[in-house]
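K.L.:
The structure is given below, and queries will be raised subsequently.
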Amino acid sequence: MTPQRWKGAGVAFLVIAALLIVAALVSVLTSALAGPVAFVQYQPTTLNLLGADTGVLRGVVLGAFAGVAFFLGLACFVWSALAEAAGQRAEILAELTALRTRADQAGPAS
């Protein structure tokens, strides 16, 4: 892939990370704002085995995925910069090699 494509992938991963962060915040805040639950005697209640609300757990998972997407985006930008630097070094080396061969063909300077 070209460095420009790596930059595009980095932008896409950062956009995905931003959307996942918003989804995580919405999930956590809507579960926190649900309000107290009234328990009536002799009515069946649901048992929460995990000890936490599913909205909070969903928010944590979405937040973890957002972190992965964010760091993948940063890695794409770093890889793009490394690829561009390697290309520039190759161009400079090619020009210096051409100049050296031209100077060697001209003979020693007096």
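As shown in the structure tokens, the chain order sets the letters A, B, ...; within each chain, residues go from 1, and ligands are also counted from 1 in the order they appear.
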Compile the contact shell of Ala64 of chain A as a PyMOL selection string: residues with an atom at most 10 Å away, counting only C-alpha atoms, same-chain residues fewer than 5 positions apart removed.

P.N.:
chain A and resi 17+20-21+24+58-59+69-70

K.L.:
Keeping only N, CA and C atoms, write those residues as a short mmCIF file (atom, residue, chain, number, x, y, z; two decimals), in the first residue's frame.

P.N.:
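Output file result.cif follows:
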```cif
data_model
loop_
_atom_site.label_atom_id
_atom_site.label_comp_id
_atom_site.auth_asym_id
_atom_site.auth_seq_id
_atom_site.Cartn_x
_atom_site.Cartn_y
_atom_site.Cartn_z
N ALA A 17 -13.13 4.83 15.78
CA ALA A 17 -12.88 4.98 17.22
C ALA A 17 -13.78 6.05 17.82
N LEU A 20 -17.28 4.65 18.14
CA LEU A 20 -17.36 3.69 19.23
C LEU A 20 -17.32 4.38 20.59
N ILE A 21 -16.56 5.47 20.71
CA ILE A 21 -16.53 6.22 21.96
C ILE A 21 -17.89 6.83 22.26
N ALA A 24 -20.19 4.07 23.33
CA ALA A 24 -19.90 3.64 24.69
C ALA A 24 -20.46 4.63 25.71
N ARG A 58 -21.58 -3.21 28.33
CA ARG A 58 -21.56 -2.91 26.90
C ARG A 58 -20.70 -1.67 26.64
N GLY A 59 -20.80 -0.68 27.49
CA GLY A 59 -19.99 0.52 27.35
C GLY A 59 -18.51 0.25 27.51
N ALA A 69 -9.24 0.54 18.01
CA ALA A 69 -9.35 1.26 16.74
C ALA A 69 -8.49 2.52 16.74
N PHE A 70 -8.43 3.21 17.88
CA PHE A 70 -7.62 4.41 17.97
C PHE A 70 -6.14 4.10 17.75
#
```

K.L.:
What's the 8 Å shell around Gly73 of chain A, counting only C-alpha atoms, without same-chain residues fewer than 2 positions away, as a compact mmCIF listing (two decimals) with all heavy atoms, in the first residue's frame?

P.N.:
```
# COMPACT_ATOMS: atom_id res chain seq x y z
N ALA A 9 -6.43 4.84 5.73
CA ALA A 9 -6.83 3.80 6.69
C ALA A 9 -6.77 4.35 8.12
O ALA A 9 -7.63 4.03 8.95
CB ALA A 9 -5.94 2.58 6.54
N GLY A 10 -5.75 5.17 8.40
CA GLY A 10 -5.64 5.77 9.73
C GLY A 10 -6.82 6.68 10.05
O GLY A 10 -7.36 6.64 11.15
N VAL A 11 -7.22 7.46 9.06
CA VAL A 11 -8.38 8.34 9.26
C VAL A 11 -9.65 7.51 9.49
O VAL A 11 -10.46 7.81 10.36
CB VAL A 11 -8.54 9.30 8.06
CG1 VAL A 11 -9.88 10.01 8.09
CG2 VAL A 11 -7.41 10.30 8.03
N ALA A 12 -9.79 6.43 8.71
CA ALA A 12 -10.97 5.57 8.87
C ALA A 12 -11.00 4.95 10.26
O ALA A 12 -12.06 4.91 10.91
CB ALA A 12 -10.96 4.48 7.80
N PHE A 13 -9.85 4.48 10.74
CA PHE A 13 -9.81 3.89 12.09
C PHE A 13 -10.11 4.94 13.16
O PHE A 13 -10.77 4.63 14.16
CB PHE A 13 -8.46 3.24 12.37
CG PHE A 13 -8.34 1.84 11.83
CD1 PHE A 13 -7.35 1.51 10.93
CD2 PHE A 13 -9.22 0.85 12.23
CE1 PHE A 13 -7.22 0.23 10.44
CE2 PHE A 13 -9.11 -0.44 11.75
CZ PHE A 13 -8.11 -0.75 10.85
N LEU A 14 -9.65 6.17 12.98
CA LEU A 14 -9.95 7.21 13.97
C LEU A 14 -11.43 7.58 13.97
O LEU A 14 -12.00 7.85 15.03
CB LEU A 14 -9.07 8.44 13.72
CG LEU A 14 -7.59 8.25 14.04
CD1 LEU A 14 -6.82 9.54 13.77
CD2 LEU A 14 -7.38 7.81 15.48
N ALA A 69 -9.24 0.54 18.01
CA ALA A 69 -9.35 1.26 16.74
C ALA A 69 -8.49 2.52 16.74
O ALA A 69 -7.86 2.85 15.73
CB ALA A 69 -10.81 1.62 16.46
N PHE A 70 -8.43 3.21 17.88
CA PHE A 70 -7.62 4.41 17.97
C PHE A 70 -6.14 4.10 17.75
O PHE A 70 -5.46 4.76 16.97
CB PHE A 70 -7.83 5.08 19.34
CG PHE A 70 -6.97 6.28 19.57
CD1 PHE A 70 -7.27 7.48 18.96
CD2 PHE A 70 -5.87 6.20 20.40
CE1 PHE A 70 -6.48 8.59 19.17
CE2 PHE A 70 -5.07 7.31 20.62
CZ PHE A 70 -5.38 8.51 20.00
N PHE A 71 -5.66 3.06 18.44
CA PHE A 71 -4.24 2.75 18.31
C PHE A 71 -3.91 2.13 16.95
O PHE A 71 -2.80 2.29 16.45
CB PHE A 71 -3.78 1.86 19.47
CG PHE A 71 -3.62 2.64 20.74
CD1 PHE A 71 -4.48 2.48 21.79
CD2 PHE A 71 -2.60 3.58 20.85
CE1 PHE A 71 -4.35 3.21 22.95
CE2 PHE A 71 -2.45 4.33 22.02
CZ PHE A 71 -3.33 4.14 23.07
N ALA A 75 -1.14 3.61 14.47
CA ALA A 75 -0.15 2.74 13.83
C ALA A 75 -0.14 2.93 12.32
O ALA A 75 0.93 2.89 11.70
CB ALA A 75 -0.44 1.28 14.18
N CYS A 76 -1.30 3.15 11.73
CA CYS A 76 -1.36 3.41 10.29
C CYS A 76 -0.62 4.70 9.94
O CYS A 76 0.10 4.75 8.94
CB CYS A 76 -2.80 3.49 9.81
SG CYS A 76 -3.63 1.90 9.73
N PHE A 77 -0.78 5.72 10.75
CA PHE A 77 -0.08 6.98 10.49
C PHE A 77 1.43 6.81 10.66
O PHE A 77 2.22 7.36 9.87
CB PHE A 77 -0.58 8.09 11.41
CG PHE A 77 -1.92 8.63 11.01
CD1 PHE A 77 -2.98 8.59 11.89
CD2 PHE A 77 -2.13 9.19 9.77
CE1 PHE A 77 -4.22 9.08 11.53
CE2 PHE A 77 -3.36 9.69 9.39
CZ PHE A 77 -4.41 9.63 10.28
```

K.L.:
Leaving out Val28 of chain A and any residue of its chain fewer than 2 positions from it, which residues lie within 12 Å of it when counting only C-alpha atoms, given as a PyMOL selection string?

P.N.:
chain A and resi 21-26+30-34+52-63

K.L.:
Can I get the selection written as a PDB file, in the first residue's frame, with N, CA, C and O atoms?

P.N.:
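Output (part-v9.pdb):
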```pdb
ATOM      1  N   ILE A  21     -16.556   5.470  20.709  1.00  0.00           N
ATOM      2  CA  ILE A  21     -16.527   6.222  21.964  1.00  0.00           C
ATOM      3  C   ILE A  21     -17.892   6.827  22.256  1.00  0.00           C
ATOM      4  O   ILE A  21     -18.389   6.775  23.385  1.00  0.00           O
ATOM      5  N   VAL A  22     -18.513   7.390  21.228  1.00  0.00           N
ATOM      6  CA  VAL A  22     -19.848   7.972  21.414  1.00  0.00           C
ATOM      7  C   VAL A  22     -20.840   6.881  21.805  1.00  0.00           C
ATOM      8  O   VAL A  22     -21.663   7.065  22.713  1.00  0.00           O
ATOM      9  N   ALA A  23     -20.767   5.724  21.135  1.00  0.00           N
ATOM     10  CA  ALA A  23     -21.682   4.621  21.470  1.00  0.00           C
ATOM     11  C   ALA A  23     -21.454   4.133  22.894  1.00  0.00           C
ATOM     12  O   ALA A  23     -22.410   3.817  23.617  1.00  0.00           O
ATOM     13  N   ALA A  24     -20.194   4.070  23.330  1.00  0.00           N
ATOM     14  CA  ALA A  24     -19.899   3.642  24.695  1.00  0.00           C
ATOM     15  C   ALA A  24     -20.456   4.634  25.707  1.00  0.00           C
ATOM     16  O   ALA A  24     -21.047   4.230  26.721  1.00  0.00           O
ATOM     17  N   LEU A  25     -20.269   5.919  25.448  1.00  0.00           N
ATOM     18  CA  LEU A  25     -20.807   6.930  26.367  1.00  0.00           C
ATOM     19  C   LEU A  25     -22.322   6.882  26.437  1.00  0.00           C
ATOM     20  O   LEU A  25     -22.907   6.969  27.530  1.00  0.00           O
ATOM     21  N   VAL A  26     -22.962   6.740  25.292  1.00  0.00           N
ATOM     22  CA  VAL A  26     -24.427   6.660  25.279  1.00  0.00           C
ATOM     23  C   VAL A  26     -24.897   5.431  26.041  1.00  0.00           C
ATOM     24  O   VAL A  26     -25.850   5.494  26.822  1.00  0.00           O
ATOM     25  N   THR A  30     -27.052   5.999  29.392  1.00  0.00           N
ATOM     26  CA  THR A  30     -28.460   5.569  29.406  1.00  0.00           C
ATOM     27  C   THR A  30     -28.712   4.503  30.455  1.00  0.00           C
ATOM     28  O   THR A  30     -29.797   4.433  31.011  1.00  0.00           O
ATOM     29  N   SER A  31     -27.706   3.679  30.738  1.00  0.00           N
ATOM     30  CA  SER A  31     -27.912   2.688  31.802  1.00  0.00           C
ATOM     31  C   SER A  31     -27.854   3.346  33.175  1.00  0.00           C
ATOM     32  O   SER A  31     -28.516   2.907  34.103  1.00  0.00           O
ATOM     33  N   ALA A  32     -27.077   4.388  33.318  1.00  0.00           N
ATOM     34  CA  ALA A  32     -26.969   5.073  34.604  1.00  0.00           C
ATOM     35  C   ALA A  32     -28.197   5.924  34.890  1.00  0.00           C
ATOM     36  O   ALA A  32     -28.551   6.139  36.045  1.00  0.00           O
ATOM     37  N   LEU A  33     -28.858   6.387  33.849  1.00  0.00           N
ATOM     38  CA  LEU A  33     -30.015   7.252  34.027  1.00  0.00           C
ATOM     39  C   LEU A  33     -31.333   6.484  34.013  1.00  0.00           C
ATOM     40  O   LEU A  33     -32.392   7.080  33.936  1.00  0.00           O
ATOM     41  N   ALA A  34     -31.272   5.166  34.078  1.00  0.00           N
ATOM     42  CA  ALA A  34     -32.502   4.379  34.024  1.00  0.00           C
ATOM     43  C   ALA A  34     -33.357   4.567  35.269  1.00  0.00           C
ATOM     44  O   ALA A  34     -34.562   4.428  35.222  1.00  0.00           O
ATOM     45  N   ALA A  52     -23.185  -6.286  37.537  1.00  0.00           N
ATOM     46  CA  ALA A  52     -23.151  -4.949  36.938  1.00  0.00           C
ATOM     47  C   ALA A  52     -24.243  -4.876  35.878  1.00  0.00           C
ATOM     48  O   ALA A  52     -24.716  -5.893  35.374  1.00  0.00           O
ATOM     49  N   ASP A  53     -24.621  -3.682  35.582  1.00  0.00           N
ATOM     50  CA  ASP A  53     -25.647  -3.476  34.575  1.00  0.00           C
ATOM     51  C   ASP A  53     -25.092  -3.803  33.194  1.00  0.00           C
ATOM     52  O   ASP A  53     -23.920  -3.558  32.894  1.00  0.00           O
ATOM     53  N   THR A  54     -25.935  -4.344  32.333  1.00  0.00           N
ATOM     54  CA  THR A  54     -25.460  -4.718  30.998  1.00  0.00           C
ATOM     55  C   THR A  54     -25.076  -3.494  30.175  1.00  0.00           C
ATOM     56  O   THR A  54     -24.198  -3.591  29.312  1.00  0.00           O
ATOM     57  N   GLY A  55     -25.700  -2.371  30.444  1.00  0.00           N
ATOM     58  CA  GLY A  55     -25.332  -1.153  29.725  1.00  0.00           C
ATOM     59  C   GLY A  55     -23.914  -0.705  30.034  1.00  0.00           C
ATOM     60  O   GLY A  55     -23.181  -0.249  29.165  1.00  0.00           O
ATOM     61  N   VAL A  56     -23.527  -0.858  31.289  1.00  0.00           N
ATOM     62  CA  VAL A  56     -22.167  -0.498  31.693  1.00  0.00           C
ATOM     63  C   VAL A  56     -21.168  -1.457  31.055  1.00  0.00           C
ATOM     64  O   VAL A  56     -20.129  -1.053  30.538  1.00  0.00           O
ATOM     65  N   LEU A  57     -21.494  -2.753  31.085  1.00  0.00           N
ATOM     66  CA  LEU A  57     -20.602  -3.739  30.469  1.00  0.00           C
ATOM     67  C   LEU A  57     -20.475  -3.508  28.965  1.00  0.00           C
ATOM     68  O   LEU A  57     -19.388  -3.613  28.397  1.00  0.00           O
ATOM     69  N   ARG A  58     -21.583  -3.211  28.329  1.00  0.00           N
ATOM     70  CA  ARG A  58     -21.558  -2.909  26.897  1.00  0.00           C
ATOM     71  C   ARG A  58     -20.698  -1.674  26.636  1.00  0.00           C
ATOM     72  O   ARG A  58     -19.921  -1.631  25.682  1.00  0.00           O
ATOM     73  N   GLY A  59     -20.801  -0.679  27.493  1.00  0.00           N
ATOM     74  CA  GLY A  59     -19.986   0.523  27.347  1.00  0.00           C
ATOM     75  C   GLY A  59     -18.506   0.251  27.512  1.00  0.00           C
ATOM     76  O   GLY A  59     -17.671   0.792  26.795  1.00  0.00           O
ATOM     77  N   VAL A  60     -18.162  -0.626  28.457  1.00  0.00           N
ATOM     78  CA  VAL A  60     -16.758  -0.979  28.667  1.00  0.00           C
ATOM     79  C   VAL A  60     -16.211  -1.716  27.446  1.00  0.00           C
ATOM     80  O   VAL A  60     -15.096  -1.450  26.992  1.00  0.00           O
ATOM     81  N   VAL A  61     -16.990  -2.647  26.915  1.00  0.00           N
ATOM     82  CA  VAL A  61     -16.549  -3.392  25.734  1.00  0.00           C
ATOM     83  C   VAL A  61     -16.400  -2.458  24.541  1.00  0.00           C
ATOM     84  O   VAL A  61     -15.410  -2.524  23.796  1.00  0.00           O
ATOM     85  N   LEU A  62     -17.362  -1.576  24.346  1.00  0.00           N
ATOM     86  CA  LEU A  62     -17.262  -0.614  23.244  1.00  0.00           C
ATOM     87  C   LEU A  62     -16.069   0.319  23.435  1.00  0.00           C
ATOM     88  O   LEU A  62     -15.390   0.677  22.472  1.00  0.00           O
ATOM     89  N   GLY A  63     -15.813   0.702  24.675  1.00  0.00           N
ATOM     90  CA  GLY A  63     -14.646   1.539  24.955  1.00  0.00           C
ATOM     91  C   GLY A  63     -13.346   0.826  24.645  1.00  0.00           C
ATOM     92  O   GLY A  63     -12.398   1.422  24.131  1.00  0.00           O
TER      93      GLY A  63
END
```

K.L.:
Go through A:Trp79, A:Leu74, A:Leu99, A:Ala18 one by one, measure the shortest atom-to-atom distance of each to Trp6 of chain A using only C-alpha atoms, and give the residue with the smallest value.

P.N.:
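Ranking A:Trp79, A:Leu74, A:Leu99, A:Ala18 by distance to Trp6 of chain A, first place goes to A:Trp79.
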
K.L.:
What does the structure give for the distance between atom CA of Ala83 of chain A and atom CA of Gly8 of chain A, in Å to one decimal?

P.N.:
14.0 Å

K.L.:
What separation in Å, quoted to one decimal, exists between atom CA of Lys7 of chain A and atom CA of Ala66 of chain A?

P.N.:
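Separation between atom CA of Lys7 of chain A and atom CA of Ala66 of chain A: 18.3 Å.
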
K.L.:
Please, what distance in Å, to one decimal, runs between atom CA of Gly107 of chain A and atom CA of Ile92 of chain A?

P.N.:
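Going from atom CA of Gly107 of chain A over to atom CA of Ile92 of chain A, I get 22.9 Å.
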